[in-house]
Amino acid sequence: MEAAIFCENLEKTYRSGTKGAKGIKGIKALAGVSFSVRPGEIFGLLGPNGAGKSTTVRILATLTRPDGGTASVAGCDVMEDPVGVRLRIGFVAQASGVDKWGTGRENLTLQAHLMRVPPAEVPARVKSLLDRVNLTEAADRVVKTYSGGMKRRLDLAMGLVNEPSVLFLDEPTTGLDPETRAALWQDLKRLRQERNLAVLLTTHYLEEADQLCDRLAIVDHGKVVVEGTPAELKARISGDTVALDLGDAGDAARMAALIAPLPGVLQATAEETRVTARVQQGATAMPALITAVERAGVTVRSSTMSRPSLDDVYLYHTGRRFHGEGGSQVRDHAAGQLPDPLAEPKSADKPAGKKGAEARQ
Amino acid sequence: MNTYFTDTGYLLLRHLRTTMRIPIWIAVTLIQPVIWLTIYGQLFRRVVEIPGFGADSYIQFLTPGVVIMTALFGSAWSGMGIIEDLSEGVMDRMLATPVNRAAIISARVLHAALTVTVQSVIILLFGMLLGARVAGGIPGFLAILLLGSTLGAGMSALSNGLALVTRREETLIAVVNFFGLPLTFLSTAFMAADLMPGWIRTLARANPVNWAVIASRDAMLGRNWGGIAGSAAMLAGFVLAAVWVSTQAFKAYRRSS
């Protein structure tokens, strides 16, 4: 079956001063991104701010041209046939992009015309979309008066007006209340089923990626570091996670280094006052780790054990915890300054995962 | 080409609707000419008595000047709309559709021209109420509308071009404020050419605002129709050049985003 989205070695460098905040001298946004999405699949791009998620989406939606690599969407090459791509996609950006001075109906009608829906079909199409996203009552109100959730539902309707075969969603649920978010997930799952729609979404919520995405890729420093189904990714990092709270950041860093070489420990990282260790057997490792730490003269305040989560997958591949909604900067920096001893077990451990990712591509 | 006209129509409709829904705009449109015409009309009423001014009624002299000044300022702000579209993601959403790219600029330029036409009608009617006689009759009245909207189209294209290059409201505001008044005063909007210092007269000759002012005044007085046609042709050339500039700016924007 032909891929709904296919991209290989996408590269993009933003030149200085041309892109406002992002245009710091020759920023390499993408350093060879490759992945593919099948029809009827919901595919997630996860990664820290500035990792290249949005740039990837912009290239695939023909808003910006790659400096290198190839990409095709819905069977059309993004460079050779951008109009073909545009006719077959829906694009819902983070900055919603609806005209706040127009009504919901006017926005949808304009979008339908621009998307080349036959004019005779436009009113009916608009009406059914308004119904579908539950905006019929508010259809003739100016968007300026809409709530955040209503606006987002209108955004989604705008992206579906041409009955696309590929839908791009850039952080579709940021700022939505949990109920609206759950409703949107339901919508997307239904669309995927009814229409074999391929969805590429970027998200700030791991929970969303876990529950909604059939497959996902973690992007870091302009590259895909790992790709797979959420279950595969979690299974690939074997073992359980033991977290010990030591109440002191210095102790945590020291103890992470102490724990890492112990038998049964696969990886150990310090994060603020906590040490997080990935171990083969949580039940047996926990007492051993606590003993080791206490013997070194550090008190363990609390301990928890868990099966691997997507957060652990993320930590494993990027060396950072995932934090939602852009508030991650400060803590990312802290995590970036992990003490040296930690680098060893991590890098010794990492190639297996990396190879796996490359082999899949 | 087909999509150019239909898309321009769709987008023009959107801009017109927006204008109608921002009541402050309508208020400003109605109030400004009243202020200009009453204050300037009263303030400079007696300049016509200066030997060599060459007009009998200052309000008749002033009205076409205010029409063109309003056309200049009204359309110079046109770029603000495109900056809003950039920052709210509307532009991205449009560029991800097959919309005809040229139509995006054309619709804004056309919108500015139409807006200027409505404003000009209001100003002219108010000027007549204050005693300005349109000696050129209906052809003169229509000629003034055409000259004003042509200048407005050109200025709007430049404003949109500048907006796409700078992408900042502050820059656009600064530039419009910096050039707006000099362009107005380096024209015969308020003062007869014969009474201007030589260097201003020379500069004014290269000023599209001045072409529009002189031709509008001729149309008001119903004289020099050949000169009016010539000015209209020069203004049309100015529009073409301005649209070319804004098209290049739009291309540069799409390359760099």
# chains A, B, ... in the order shown; residues from 1 in each chain; ligands from 1
>>> interface_residues(of="chain A", to="chain B", cutoff="7 Å", atoms="only C-alpha atoms", output="NGL selection string")
:A and (18-19 or 61-64 or 83 or 86-87 or 91 or 95-99 or 101-102 or 110 or 114-115)
>>> residues_around(residues="stretch 308-321 of chain A", least_positions_apart="3", cutoff="7 Å", atoms="only C-alpha atoms", output="list in words")
Leu206, Asp210, Asp220, Val225, Leu233, Lys234, Ile237, Asp240, Thr241, Asp332 and Ala335 of chain A
>>> write_last_selection(atoms="C-alpha atoms", output="mmCIF file, in the first residue's frame")
data_model
loop_
_atom_site.group_PDB
_atom_site.id
_atom_site.type_symbol
_atom_site.label_atom_id
_atom_site.label_comp_id
_atom_site.auth_asym_id
_atom_site.auth_seq_id
_atom_site.Cartn_x
_atom_site.Cartn_y
_atom_site.Cartn_z
ATOM 1 C CA LEU A 206 2.474 11.891 26.404
ATOM 2 C CA ASP A 210 0.045 6.890 24.207
ATOM 3 C CA ASP A 220 15.361 15.325 18.989
ATOM 4 C CA VAL A 225 15.673 9.073 17.438
ATOM 5 C CA LEU A 233 8.621 1.506 22.413
ATOM 6 C CA LYS A 234 7.724 0.697 25.994
ATOM 7 C CA ILE A 237 13.140 -0.465 27.064
ATOM 8 C CA ASP A 240 11.016 -1.521 35.542
ATOM 9 C CA THR A 241 11.657 1.914 36.853
ATOM 10 C CA ASP A 332 15.620 20.608 30.291
ATOM 11 C CA ALA A 335 18.765 17.580 32.828
#
>>> atom_distance(atom1="atom CA of B:Leu183", atom2="atom CA of B:Ala206")
10.3 Å
>>> select_by_dssp(residues="stretch 50-170 of chain B", states="helix (DSSP H, G or I)", output="VMD selection string")
chain B and resid 58 to 76 79 to 87 90 to 95 101 to 129 137 to 166 169 to 170
>>> select_by_dssp(residues="stretch 92-314 of chain A", states="strand (DSSP E or B)", output="number ranges by chain")
A: 92, 103, 142, 166-170, 198-202, 215-220, 223-228, 240-245, 265-271, 274-279, 302-306
>>> residues_around(residues="stretch 44-51 of chain A", least_positions_apart="6", cutoff="7 Å", atoms="only C-alpha atoms", output="PDB file with all heavy atoms, in the first residue's frame")
ATOM      1  N   LEU A 200      -1.209  13.062  11.044  1.00  0.00           N
ATOM      2  CA  LEU A 200       0.105  13.310  11.633  1.00  0.00           C
ATOM      3  C   LEU A 200      -0.084  14.390  12.680  1.00  0.00           C
ATOM      4  O   LEU A 200      -0.511  15.493  12.366  1.00  0.00           O
ATOM      5  CB  LEU A 200       1.101  13.794  10.576  1.00  0.00           C
ATOM      6  CG  LEU A 200       2.488  14.146  11.129  1.00  0.00           C
ATOM      7  CD1 LEU A 200       3.211  12.908  11.609  1.00  0.00           C
ATOM      8  CD2 LEU A 200       3.331  14.870  10.103  1.00  0.00           C
ATOM      9  N   LEU A 201       0.190  14.062  13.933  1.00  0.00           N
ATOM     10  CA  LEU A 201       0.012  15.090  14.948  1.00  0.00           C
ATOM     11  C   LEU A 201       1.260  15.259  15.791  1.00  0.00           C
ATOM     12  O   LEU A 201       2.021  14.326  16.012  1.00  0.00           O
ATOM     13  CB  LEU A 201      -1.218  14.797  15.817  1.00  0.00           C
ATOM     14  CG  LEU A 201      -1.248  13.618  16.784  1.00  0.00           C
ATOM     15  CD1 LEU A 201      -0.744  14.040  18.150  1.00  0.00           C
ATOM     16  CD2 LEU A 201      -2.673  13.117  16.915  1.00  0.00           C
ATOM     17  N   THR A 202       1.475  16.483  16.207  1.00  0.00           N
ATOM     18  CA  THR A 202       2.519  16.733  17.189  1.00  0.00           C
ATOM     19  C   THR A 202       1.795  17.019  18.490  1.00  0.00           C
ATOM     20  O   THR A 202       0.683  17.536  18.482  1.00  0.00           O
ATOM     21  CB  THR A 202       3.378  17.958  16.828  1.00  0.00           C
ATOM     22  OG1 THR A 202       2.594  19.128  17.017  1.00  0.00           O
ATOM     23  CG2 THR A 202       3.858  17.880  15.391  1.00  0.00           C
ATOM     24  N   THR A 203       2.403  16.637  19.573  1.00  0.00           N
ATOM     25  CA  THR A 203       1.697  16.847  20.833  1.00  0.00           C
ATOM     26  C   THR A 203       2.661  17.122  21.974  1.00  0.00           C
ATOM     27  O   THR A 203       3.834  16.782  21.918  1.00  0.00           O
ATOM     28  CB  THR A 203       0.804  15.636  21.185  1.00  0.00           C
ATOM     29  OG1 THR A 203       0.127  15.905  22.402  1.00  0.00           O
ATOM     30  CG2 THR A 203       1.624  14.365  21.324  1.00  0.00           C
ATOM     31  N   ALA A 209      -0.277  10.898  23.158  1.00  0.00           N
ATOM     32  CA  ALA A 209       0.488  10.078  22.219  1.00  0.00           C
ATOM     33  C   ALA A 209       0.231   8.594  22.511  1.00  0.00           C
ATOM     34  O   ALA A 209       0.044   7.794  21.608  1.00  0.00           O
ATOM     35  CB  ALA A 209       1.971  10.393  22.347  1.00  0.00           C
ATOM     36  N   CYS A 213      -2.164   7.588  19.429  1.00  0.00           N
ATOM     37  CA  CYS A 213      -1.319   7.302  18.266  1.00  0.00           C
ATOM     38  C   CYS A 213      -1.156   5.804  18.038  1.00  0.00           C
ATOM     39  O   CYS A 213      -0.929   5.044  18.972  1.00  0.00           O
ATOM     40  CB  CYS A 213       0.055   7.921  18.441  1.00  0.00           C
ATOM     41  SG  CYS A 213      -0.015   9.701  18.479  1.00  0.00           S
ATOM     42  N   ARG A 215       1.249   4.827  15.921  1.00  0.00           N
ATOM     43  CA  ARG A 215       2.706   4.795  16.005  1.00  0.00           C
ATOM     44  C   ARG A 215       3.186   6.193  16.316  1.00  0.00           C
ATOM     45  O   ARG A 215       2.478   7.173  16.084  1.00  0.00           O
ATOM     46  CB  ARG A 215       3.311   4.335  14.665  1.00  0.00           C
ATOM     47  CG  ARG A 215       3.226   2.812  14.489  1.00  0.00           C
ATOM     48  CD  ARG A 215       4.070   2.362  13.304  1.00  0.00           C
ATOM     49  NE  ARG A 215       3.746   3.114  12.119  1.00  0.00           N
ATOM     50  CZ  ARG A 215       4.661   3.633  11.303  1.00  0.00           C
ATOM     51  NH1 ARG A 215       5.935   3.483  11.556  1.00  0.00           N
ATOM     52  NH2 ARG A 215       4.289   4.297  10.220  1.00  0.00           N
ATOM     53  N   LEU A 216       4.402   6.282  16.787  1.00  0.00           N
ATOM     54  CA  LEU A 216       4.941   7.614  17.019  1.00  0.00           C
ATOM     55  C   LEU A 216       6.446   7.618  16.827  1.00  0.00           C
ATOM     56  O   LEU A 216       7.102   6.571  16.824  1.00  0.00           O
ATOM     57  CB  LEU A 216       4.561   8.127  18.400  1.00  0.00           C
ATOM     58  CG  LEU A 216       4.866   7.297  19.624  1.00  0.00           C
ATOM     59  CD1 LEU A 216       6.240   7.642  20.167  1.00  0.00           C
ATOM     60  CD2 LEU A 216       3.817   7.590  20.692  1.00  0.00           C
ATOM     61  N   ALA A 217       6.955   8.809  16.606  1.00  0.00           N
ATOM     62  CA  ALA A 217       8.395   8.987  16.473  1.00  0.00           C
ATOM     63  C   ALA A 217       8.817  10.050  17.461  1.00  0.00           C
ATOM     64  O   ALA A 217       8.116  11.047  17.649  1.00  0.00           O
ATOM     65  CB  ALA A 217       8.738   9.432  15.052  1.00  0.00           C
ATOM     66  N   ILE A 218       9.939   9.825  18.124  1.00  0.00           N
ATOM     67  CA  ILE A 218      10.485  10.844  19.007  1.00  0.00           C
ATOM     68  C   ILE A 218      11.557  11.591  18.227  1.00  0.00           C
ATOM     69  O   ILE A 218      12.453  10.975  17.633  1.00  0.00           O
ATOM     70  CB  ILE A 218      11.052  10.230  20.297  1.00  0.00           C
ATOM     71  CG1 ILE A 218       9.888   9.646  21.111  1.00  0.00           C
ATOM     72  CG2 ILE A 218      11.802  11.285  21.114  1.00  0.00           C
ATOM     73  CD1 ILE A 218      10.311   8.951  22.380  1.00  0.00           C
ATOM     74  N   VAL A 219      11.407  12.905  18.165  1.00  0.00           N
ATOM     75  CA  VAL A 219      12.321  13.748  17.402  1.00  0.00           C
ATOM     76  C   VAL A 219      13.176  14.533  18.385  1.00  0.00           C
ATOM     77  O   VAL A 219      12.650  15.089  19.351  1.00  0.00           O
ATOM     78  CB  VAL A 219      11.540  14.734  16.508  1.00  0.00           C
ATOM     79  CG1 VAL A 219      12.498  15.507  15.615  1.00  0.00           C
ATOM     80  CG2 VAL A 219      10.515  13.997  15.671  1.00  0.00           C
ATOM     81  N   ASP A 220      14.467  14.543  18.135  1.00  0.00           N
ATOM     82  CA  ASP A 220      15.361  15.325  18.989  1.00  0.00           C
ATOM     83  C   ASP A 220      16.500  15.852  18.138  1.00  0.00           C
ATOM     84  O   ASP A 220      17.037  15.125  17.305  1.00  0.00           O
ATOM     85  CB  ASP A 220      15.889  14.436  20.134  1.00  0.00           C
ATOM     86  CG  ASP A 220      16.494  15.271  21.252  1.00  0.00           C
ATOM     87  OD1 ASP A 220      16.139  16.470  21.355  1.00  0.00           O
ATOM     88  OD2 ASP A 220      17.304  14.733  22.007  1.00  0.00           O
ATOM     89  N   HIS A 221      16.859  17.109  18.329  1.00  0.00           N
ATOM     90  CA  HIS A 221      17.925  17.732  17.553  1.00  0.00           C
ATOM     91  C   HIS A 221      17.761  17.503  16.051  1.00  0.00           C
ATOM     92  O   HIS A 221      18.711  17.173  15.356  1.00  0.00           O
ATOM     93  CB  HIS A 221      19.296  17.235  18.015  1.00  0.00           C
ATOM     94  CG  HIS A 221      19.587  17.556  19.448  1.00  0.00           C
ATOM     95  ND1 HIS A 221      19.626  18.846  19.925  1.00  0.00           N
ATOM     96  CD2 HIS A 221      19.801  16.750  20.516  1.00  0.00           C
ATOM     97  CE1 HIS A 221      19.877  18.824  21.217  1.00  0.00           C
ATOM     98  NE2 HIS A 221      19.974  17.567  21.612  1.00  0.00           N
ATOM     99  N   GLY A 222      16.544  17.634  15.559  1.00  0.00           N
ATOM    100  CA  GLY A 222      16.311  17.559  14.127  1.00  0.00           C
ATOM    101  C   GLY A 222      16.404  16.170  13.536  1.00  0.00           C
ATOM    102  O   GLY A 222      16.553  16.024  12.323  1.00  0.00           O
ATOM    103  N   GLY A 326       5.576  23.536  26.932  1.00  0.00           N
ATOM    104  CA  GLY A 326       6.627  24.534  26.733  1.00  0.00           C
ATOM    105  C   GLY A 326       7.274  25.030  28.016  1.00  0.00           C
ATOM    106  O   GLY A 326       8.181  25.825  27.989  1.00  0.00           O
TER     107      GLY A 326
END
>>> closest_residue(among="B:Ile122, B:Met234, B:Leu186, B:Ala192", to="B:Glu49", atoms="only C-alpha atoms")
B:Ala192
>>> atom_distance(atom1="atom CA of B:Gln32", atom2="atom CA of B:Gly65")
13.5 Å
>>> closest_residue(among="B:Ala102, B:Leu147, B:Ala241, B:Leu181", to="B:Ala229", atoms="only C-alpha atoms")
B:Leu147
>>> residues_around(residues="A:Glu194", least_positions_apart="5", cutoff="12 Å", atoms="only C-alpha atoms", output="list of chain:residue names")
A:Pro39, A:Gly40, A:Glu41, A:Glu163, A:Ser165, A:Asp187, A:Leu188, A:Lys189
>>> closest_residue(among="A:Asp131, A:Glu271, A:Leu262, A:Val242", to="A:Met305", atoms="only C-alpha atoms")
A:Val242
>>> atom_distance(atom1="atom CA of B:Phe53", atom2="atom CA of B:Ala189")
12.8 Å
>>> residues_around(residues="A:Val275", least_positions_apart="6", cutoff="6 Å", atoms="only C-alpha atoms", output="VMD selection string")
chain A and resid 243 to 244 252 256 269
>>> write_last_selection(atoms="C-alpha atoms", output="short mmCIF file (atom, residue, chain, number, x, y, z; two decimals), in the first residue's frame")
data_model
loop_
_atom_site.label_atom_id
_atom_site.label_comp_id
_atom_site.auth_asym_id
_atom_site.auth_seq_id
_atom_site.Cartn_x
_atom_site.Cartn_y
_atom_site.Cartn_z
CA ALA A 243 12.61 6.11 41.67
CA LEU A 244 14.21 7.15 44.95
CA ALA A 252 20.85 12.45 43.75
CA ALA A 256 22.90 7.97 40.34
CA THR A 269 19.61 9.25 36.01
#
>>> residues_around(residues="A:Ala138", least_positions_apart="2", cutoff="12 Å", atoms="only C-alpha atoms", output="count of residues only")
24
>>> closest_residue(among="A:His113, A:Arg132, A:Lys100, A:His204", to="B:Thr8", atoms="only C-alpha atoms")
A:His113
>>> residues_around(residues="A:Leu60", least_positions_apart="2", cutoff="9 Å", atoms="only C-alpha atoms", output="ChimeraX atom specification")
/A:5,7,55-58,62-65,71-73,78,85,168
>>> closest_residue(among="B:Leu37, B:Thr202, B:Leu195, B:Ser75", to="B:Leu110", atoms="only C-alpha atoms")
B:Ser75
